[in-house]
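Listing of start-v6.cif; format and content: mmCIF, C-alpha atoms and all ligand atoms.
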data_input
loop_
_atom_site.label_atom_id
_atom_site.label_comp_id
_atom_site.auth_asym_id
_atom_site.auth_seq_id
_atom_site.Cartn_x
_atom_site.Cartn_y
_atom_site.Cartn_z
CA MET A 11 0.00 0.00 0.00
CA ASN A 12 1.30 3.41 -0.85
CA ALA A 13 1.57 6.23 1.61
CA THR A 14 0.75 9.43 -0.14
CA HIS A 15 1.75 12.53 1.41
CA HIS A 16 1.02 16.15 1.26
CA GLN A 17 0.96 18.64 4.02
CA HIS A 18 0.76 22.33 4.66
CA ASP A 19 1.94 24.33 7.61
CA ALA A 20 -1.36 26.04 8.14
CA ALA A 21 -3.49 24.25 5.67
CA ALA A 22 -5.24 21.08 4.82
CA HIS A 23 -7.63 19.36 2.58
CA GLY A 24 -10.73 17.77 3.84
CA HIS A 25 -12.64 14.80 2.74
CA HIS A 26 -15.57 12.75 3.63
CA ASP A 27 -17.42 9.73 2.64
CA ALA A 28 -20.77 11.10 1.68
CA HIS A 29 -22.02 7.64 0.86
CA ALA A 30 -21.25 6.10 4.22
CA GLN A 31 -22.43 9.19 6.07
CA HIS A 32 -25.72 9.38 4.29
CA ALA A 33 -26.47 5.71 4.23
CA HIS A 34 -26.05 4.93 7.90
CA HIS A 35 -26.87 6.20 11.32
CA VAL A 36 -24.47 8.85 12.58
CA PRO A 37 -24.23 9.77 16.28
CA ALA A 38 -25.51 13.22 17.14
CA GLY A 39 -22.51 14.26 19.24
CA PRO A 40 -19.46 16.09 17.91
CA ALA A 41 -16.80 13.93 16.29
CA GLY A 42 -13.16 13.74 17.20
CA LEU A 43 -13.54 14.49 20.90
CA THR A 44 -12.65 11.01 22.09
CA GLY A 45 -10.13 8.33 21.27
CA SER A 46 -12.64 5.50 21.50
CA GLU A 47 -16.07 5.07 20.02
CA ASP A 48 -18.27 2.10 19.19
CA GLY A 49 -15.53 -0.26 20.37
CA TYR A 50 -12.85 1.24 18.14
CA THR A 51 -9.78 3.01 19.54
CA LEU A 52 -7.12 5.30 18.14
CA GLU A 53 -3.89 4.51 19.95
CA LEU A 54 -0.99 6.79 19.19
CA VAL A 55 2.34 4.98 19.32
CA THR A 56 4.06 8.32 18.83
CA THR A 57 2.88 10.95 21.29
CA ALA A 58 5.78 13.38 21.12
CA LEU A 59 7.62 14.60 18.04
CA PRO A 60 10.36 17.07 17.36
CA ALA A 61 9.14 20.33 15.83
CA GLY A 62 10.23 21.66 12.48
CA THR A 63 11.61 18.45 11.08
CA GLU A 64 10.05 15.56 9.24
CA THR A 65 9.65 12.50 11.37
CA GLU A 66 7.60 9.35 11.58
CA LEU A 67 4.27 9.29 13.35
CA ARG A 68 2.90 5.86 14.20
CA PHE A 69 -0.45 4.76 15.52
CA ARG A 70 -2.85 1.84 15.71
CA LEU A 71 -6.55 1.49 15.07
CA LEU A 72 -7.90 -1.16 17.40
CA GLY A 73 -11.18 -3.01 17.46
CA ALA A 74 -13.20 -4.09 20.48
CA ASP A 75 -11.01 -7.16 20.95
CA GLY A 76 -7.89 -5.01 21.16
CA SER A 77 -6.44 -6.19 17.89
CA PRO A 78 -5.79 -3.98 14.84
CA VAL A 79 -8.76 -3.37 12.57
CA ALA A 80 -7.93 -5.05 9.28
CA ASP A 81 -10.90 -4.35 7.08
CA LEU A 82 -11.41 -0.69 6.24
CA ALA A 83 -13.57 0.83 3.52
CA PRO A 84 -11.88 3.59 1.51
CA ILE A 85 -12.98 7.17 2.07
CA HIS A 86 -12.21 9.35 -0.93
CA ASP A 87 -9.64 6.92 -2.25
CA LYS A 88 -7.81 6.48 1.07
CA LEU A 89 -8.19 3.99 3.91
CA VAL A 90 -7.14 6.43 6.61
CA HIS A 91 -6.97 10.20 6.60
CA LEU A 92 -4.83 11.57 9.40
CA ILE A 93 -5.12 15.19 10.41
CA VAL A 94 -2.85 16.81 12.96
CA VAL A 95 -3.74 20.26 14.17
CA ARG A 96 -2.14 22.66 16.60
CA ARG A 97 -4.63 23.31 19.33
CA ASP A 98 -4.99 26.97 18.29
CA LEU A 99 -5.91 25.78 14.76
CA THR A 100 -3.12 27.79 13.18
CA ARG A 101 -1.20 24.73 12.04
CA PHE A 102 -2.73 21.91 10.10
CA VAL A 103 -1.28 18.79 8.55
CA HIS A 104 -3.21 16.22 6.55
CA VAL A 105 -1.55 13.00 5.42
CA HIS A 106 -2.37 9.48 4.32
CA PRO A 107 -0.55 6.76 6.26
CA ALA A 108 0.37 3.26 5.21
CA VAL A 109 -0.09 0.13 7.27
CA ALA A 110 2.55 -2.47 8.15
CA ASP A 111 1.98 -6.20 8.51
CA ASP A 112 1.56 -5.91 12.27
CA GLY A 113 -1.28 -3.41 11.85
CA THR A 114 0.70 -0.32 12.79
CA TRP A 115 0.07 2.72 10.62
CA SER A 116 2.84 5.17 9.91
CA VAL A 117 3.40 8.36 8.00
CA ARG A 118 6.06 11.05 7.77
CA VAL A 119 4.91 14.38 9.15
CA ARG A 120 6.46 17.71 9.89
CA LEU A 121 4.86 19.68 12.68
CA PRO A 122 6.11 23.18 12.02
CA GLU A 123 6.21 24.61 15.49
CA ASP A 124 6.42 23.62 19.15
CA GLY A 125 3.03 23.15 20.64
CA ASP A 126 0.24 20.94 21.83
CA TYR A 127 -1.42 19.19 18.93
CA ARG A 128 -4.37 16.92 18.35
CA ALA A 129 -4.43 14.10 15.85
CA TYR A 130 -7.57 12.78 14.18
CA ALA A 131 -7.88 9.51 12.35
CA ASP A 132 -10.74 9.38 9.91
CA PHE A 133 -11.60 5.87 8.76
CA ALA A 134 -14.51 3.55 8.07
CA PRO A 135 -14.36 0.04 9.54
CA ALA A 136 -16.13 -2.22 7.07
CA ALA A 137 -17.99 -3.92 9.91
CA LEU A 138 -19.31 -0.57 11.17
CA GLY A 139 -20.49 0.74 7.82
CA ARG A 140 -19.76 4.37 8.52
CA THR A 141 -16.98 6.83 9.12
CA LEU A 142 -15.36 7.25 12.53
CA THR A 143 -13.24 10.19 13.58
CA LEU A 144 -11.17 9.47 16.67
CA GLY A 145 -8.84 11.98 18.30
CA ALA A 146 -5.76 11.84 20.51
CA ASP A 147 -3.27 14.35 21.90
CA LEU A 148 0.40 14.72 21.09
CA THR A 149 3.10 17.32 21.50
CA ALA A 150 5.72 18.81 19.24
CA GLY A 151 9.00 20.00 20.67
CA ASP A 152 8.57 21.24 24.20
CA GLY A 153 4.81 21.51 23.85
CA ALA A 154 2.90 24.71 24.59
CA GLY A 155 4.90 27.21 22.49
CA PRO A 156 3.69 30.61 21.32
CA ALA A 157 -0.03 31.28 21.22
CA HIS A 158 -1.52 32.56 17.98
CA GLU A 159 -4.92 34.06 17.43
CA LEU A 160 -7.06 32.94 14.56
CA PRO A 161 -7.70 35.60 11.93
CA ALA A 162 -11.08 37.32 12.20
CA PRO A 163 -13.81 36.08 9.87
CA ALA A 164 -13.33 37.28 6.29
CA PRO A 165 -15.24 36.32 3.14
CA ALA A 166 -12.18 35.88 0.93
CA PHE A 167 -8.80 34.20 1.13
CA THR A 168 -6.09 34.37 -1.49
CA VAL A 169 -3.70 31.48 -1.99
CA ASP A 170 -1.12 31.33 -4.79
CA GLY A 171 -2.95 34.07 -6.68
CA ARG A 172 -6.29 32.30 -6.47
CA GLU A 173 -8.93 34.26 -4.62
CA VAL A 174 -11.48 32.05 -2.91
CA THR A 175 -14.74 33.61 -1.76
CA LEU A 176 -17.03 31.94 0.75
CA THR A 177 -20.77 32.37 0.70
CA GLY A 178 -23.21 30.71 3.09
CA GLU A 179 -23.23 30.64 6.86
CA LEU A 180 -22.87 27.81 9.28
CA ALA A 181 -25.67 27.34 11.78
CA ALA A 182 -25.68 25.35 15.01
CA GLY A 183 -27.42 22.04 14.56
CA GLU A 184 -28.67 22.81 11.05
CA GLY A 185 -27.31 21.62 7.75
CA ARG A 186 -26.18 24.52 5.57
CA ARG A 187 -24.86 24.86 2.08
CA LEU A 188 -21.46 26.49 1.76
CA GLU A 189 -20.14 27.67 -1.58
CA PHE A 190 -16.56 28.52 -2.35
CA SER A 191 -15.93 30.38 -5.59
CA VAL A 192 -12.45 30.41 -7.09
CA ALA A 193 -11.13 33.26 -9.24
CA ARG A 194 -7.79 34.25 -10.66
CA ASP A 195 -7.01 37.76 -11.84
CA GLY A 196 -10.69 38.53 -11.42
CA GLN A 197 -11.75 35.71 -13.76
CA PRO A 198 -13.69 32.67 -12.61
CA VAL A 199 -11.61 29.50 -12.54
CA THR A 200 -13.41 26.77 -14.50
CA ASP A 201 -10.68 24.19 -14.82
CA LEU A 202 -10.35 22.83 -11.31
CA GLN A 203 -8.95 19.32 -11.23
CA PRO A 204 -10.32 16.35 -9.31
CA TYR A 205 -8.44 15.73 -6.12
CA LEU A 206 -9.16 12.59 -4.09
CA ALA A 207 -12.37 12.16 -6.09
CA ALA A 208 -13.76 15.67 -5.57
CA TYR A 209 -13.20 19.24 -6.74
CA GLY A 210 -12.67 20.35 -3.17
CA HIS A 211 -12.17 18.94 0.26
CA LEU A 212 -13.22 20.74 3.38
CA VAL A 213 -12.32 20.15 7.00
CA ALA A 214 -13.85 22.24 9.77
CA LEU A 215 -12.76 22.27 13.40
CA ARG A 216 -14.10 24.11 16.42
CA LEU A 217 -11.55 26.12 18.37
CA GLU A 218 -13.16 25.72 21.79
CA ASP A 219 -13.15 21.94 22.03
CA LEU A 220 -11.46 20.84 18.79
CA ALA A 221 -14.61 19.11 17.61
CA TYR A 222 -14.25 17.78 14.10
CA VAL A 223 -17.05 18.59 11.69
CA HIS A 224 -18.06 16.24 8.94
CA VAL A 225 -18.56 18.03 5.65
CA HIS A 226 -20.04 16.50 2.55
CA PRO A 227 -19.18 17.62 -0.97
CA ASP A 228 -22.15 18.49 -3.12
CA GLY A 229 -21.55 16.59 -6.35
CA SER A 230 -18.46 14.90 -7.68
CA PRO A 231 -16.37 14.96 -10.85
CA GLY A 232 -17.91 12.95 -13.65
CA ASP A 233 -21.44 12.87 -12.24
CA GLY A 234 -22.70 14.82 -15.24
CA THR A 235 -23.80 17.87 -13.28
CA THR A 236 -20.85 19.02 -11.19
CA ALA A 237 -18.73 21.63 -12.97
CA PRO A 238 -14.96 22.00 -12.42
CA GLY A 239 -15.40 25.44 -10.88
CA PRO A 240 -15.71 28.23 -10.24
CA VAL A 241 -18.02 27.10 -7.43
CA VAL A 242 -17.31 24.19 -5.12
CA ALA A 243 -20.24 23.43 -2.83
CA PHE A 244 -20.57 21.53 0.44
CA HIS A 245 -23.19 20.57 2.94
CA ALA A 246 -22.05 21.18 6.50
CA GLN A 247 -23.63 20.91 9.90
CA VAL A 248 -21.82 22.14 12.98
CA PRO A 249 -22.66 20.76 16.41
CA GLY A 250 -23.16 24.07 18.18
CA PRO A 251 -21.97 27.64 18.72
CA GLY A 252 -18.31 28.45 18.59
CA THR A 253 -15.43 29.64 16.46
CA TYR A 254 -14.70 27.34 13.56
CA ARG A 255 -11.77 27.20 11.19
CA LEU A 256 -12.46 25.89 7.70
CA PHE A 257 -9.71 24.43 5.53
CA LEU A 258 -10.58 24.06 1.85
CA ASP A 259 -8.26 22.16 -0.45
CA PHE A 260 -8.64 22.34 -4.19
CA LYS A 261 -6.44 21.37 -7.09
CA HIS A 262 -5.64 23.79 -9.89
CA GLU A 263 -2.87 23.59 -12.45
CA ASP A 264 -1.52 20.42 -10.91
CA ALA A 265 -1.03 21.71 -7.41
CA VAL A 266 -3.19 21.47 -4.32
CA ARG A 267 -3.93 24.87 -2.81
CA THR A 268 -5.57 25.53 0.51
CA ALA A 269 -7.85 28.37 1.53
CA GLU A 270 -8.70 29.00 5.17
CA PHE A 271 -11.64 30.73 6.74
CA THR A 272 -12.79 31.60 10.24
CA ALA A 273 -16.50 31.31 10.97
CA VAL A 274 -18.19 32.33 14.20
CA VAL A 275 -21.44 30.54 14.94
CA ALA A 276 -23.76 32.21 17.48
CU CU B 1 -7.07 12.80 3.52
#
Output the file's structure as structure tokens, nothing else.
Amino acid sequence: MNATHHQHDAAAHGHHDAHAQHAHHVPAGPAGLTGSEDGYTLELVTTALPAGTETELRFRLLGADGSPVADLAPIHDKLVHLIVVRRDLTRFVHVHPAVADDGTWSVRVRLPEDGDYRAYADFAPAALGRTLTLGADLTAGDGAGPAHELPAPAPAFTVDGREVTLTGELAAGEGRRLEFSVARDGQPVTDLQPYLAAYGHLVALRLEDLAYVHVHPDGSPGDGTTAPGPVVAFHAQVPGPGTYRLFLDFKHEDAVRTAEFTAVVA
């Protein structure tokens, strides 16, 4: 199995298995707040890493009997999506680990700065029939480190010359449509490229408790109705009030770019 690998210091791409999410019961509580759910456990083998250098992060995904879960259903082309975020949400890494024969997953990561971080494993045990997001804490360097404030909410974010504009508002406990429109030099971008089976991937996290929000893409490449830009749409439901940080990944001209937004939900 290949480990693919891409990461950004303050950026990420999101993903979610709309099929599994929509087809099966999903618990009402926020995701990512615990390391164990429905008998499955995320066990970090690596709980402390050096900062600023690439190093190996290892973990296990265990079933109710304490042995590694062997049968996973892919989510957007990957068996496991691993997200590591600094607890102030200013640093974000998203990678795709590979599994060894003994069931240990590993991936190279670079956590850019000292601090307290939280890791999330997003995966879908075949026996469960839906996606699980389990979280666990780890530290980089000496831990703690400088505190950064999230940028205030703004409707636009420019990355690599692409201006991304967000329309739509999140609402506590209600599904909402979010649209991101991509432009370059004032012109709509209409040649987005599929990336992990979608034109965009979105991850949202809540600053207060680091809840992980499941976001579902609206349409997919090749479905006959979803255009390759300028608009990439999602359906998102946040679990309650708070300050959220949204990380949108999209692929244009053969590179993955990430736009970030702050959203305050009353
Ligand atoms: Cu991923």
Please measure the separation of CA of Leu43 in chain A and CA of Gly139 in chain A, giving the value in Å to one decimal. 20.2 Å
Long-range neighbours of Gln247 in chain A as a ChimeraX atom specification, 10 Å cut-off, only C-alpha atoms, 5 positions minimum in chain: /A:180-187,214,223-226
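Candidate residues A:Asp170, A:Asp147, A:Glu189, A:Asp132 were compared for distance to His104 in chain A, and the nearest is A:Asp132, using all atoms listed in the file.
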Measuring atom to atom with only C-alpha atoms and all ligand atoms, identify which of A:Ala58, A:Val174, A:Ala110, A:Ala207 is nearest to ligand CU 1 (chain B).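 Among the listed residues, the smallest separation from ligand CU 1 (chain B) belongs to A:Ala207.
Using all atoms listed in the file, the shortest contact distance between ligand CU 1 (chain B) and any of A:Leu206, A:Leu215, A:Ala221, A:Val79 is found at A:Leu206.
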Would you mind telling me which residue in A:Pro107, A:Gly234, A:Gly76, A:Gly39 lies nearest to ligand CU 1 (chain B) when using all atoms listed in the file? A:Pro107
Up to 10 Å from (0.2, 33.9, 15.6) in the file's coordinates: name the residues, counting only C-alpha atoms, as number ranges by chain. A: 98, 100-101, 156-161
Name the residues within 10 Å of (-15.3, 21.0, 7.2), counting only C-alpha atoms in the file's coordinates, and put them as a PyMOL selection string. chain A and resi 23-26+188+211-216+222-227+244-248+254-258
Which one of A:Val55, A:Leu99, A:Ala61, A:Leu138 sits closest to Ala83 in chain A if you count all atoms listed in the file?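 Nearest to Ala83 in chain A: A:Leu138.
You will find CA of Pro204 in chain A at 22.0 Å from CA of Ala134 in chain A.
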Quote the spacing between CA of Val274 in chain A and CA of Ala164 in chain A in Å to one decimal place. 10.5 Å
Could you tell me which of A:Asp259, A:Glu66, A:Asp152, A:Glu218 comes closest to Val275 in chain A if we count only C-alpha atoms? A:Glu218
Emit as AutoDock Vina command-line options the padded axis-aligned box for all listed atoms of range 75-89 of chain A, 6 Å per side, with centre and edge lengths in Å to one decimal.
--center_x -9.7 --center_y 1.1 --center_z 9.5 --size_x 19.8 --size_y 28.5 --size_z 35.4
Excluding Arg120 in chain A and residues on its chain fewer than 3 positions from it, collect all residues at most 8 Å away from it, counting only C-alpha atoms, and give them as a list of chain:residue names.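 The filter keeps A:Ala61, A:Gly62, A:Thr63, A:Glu64, A:Thr65, A:Val103.
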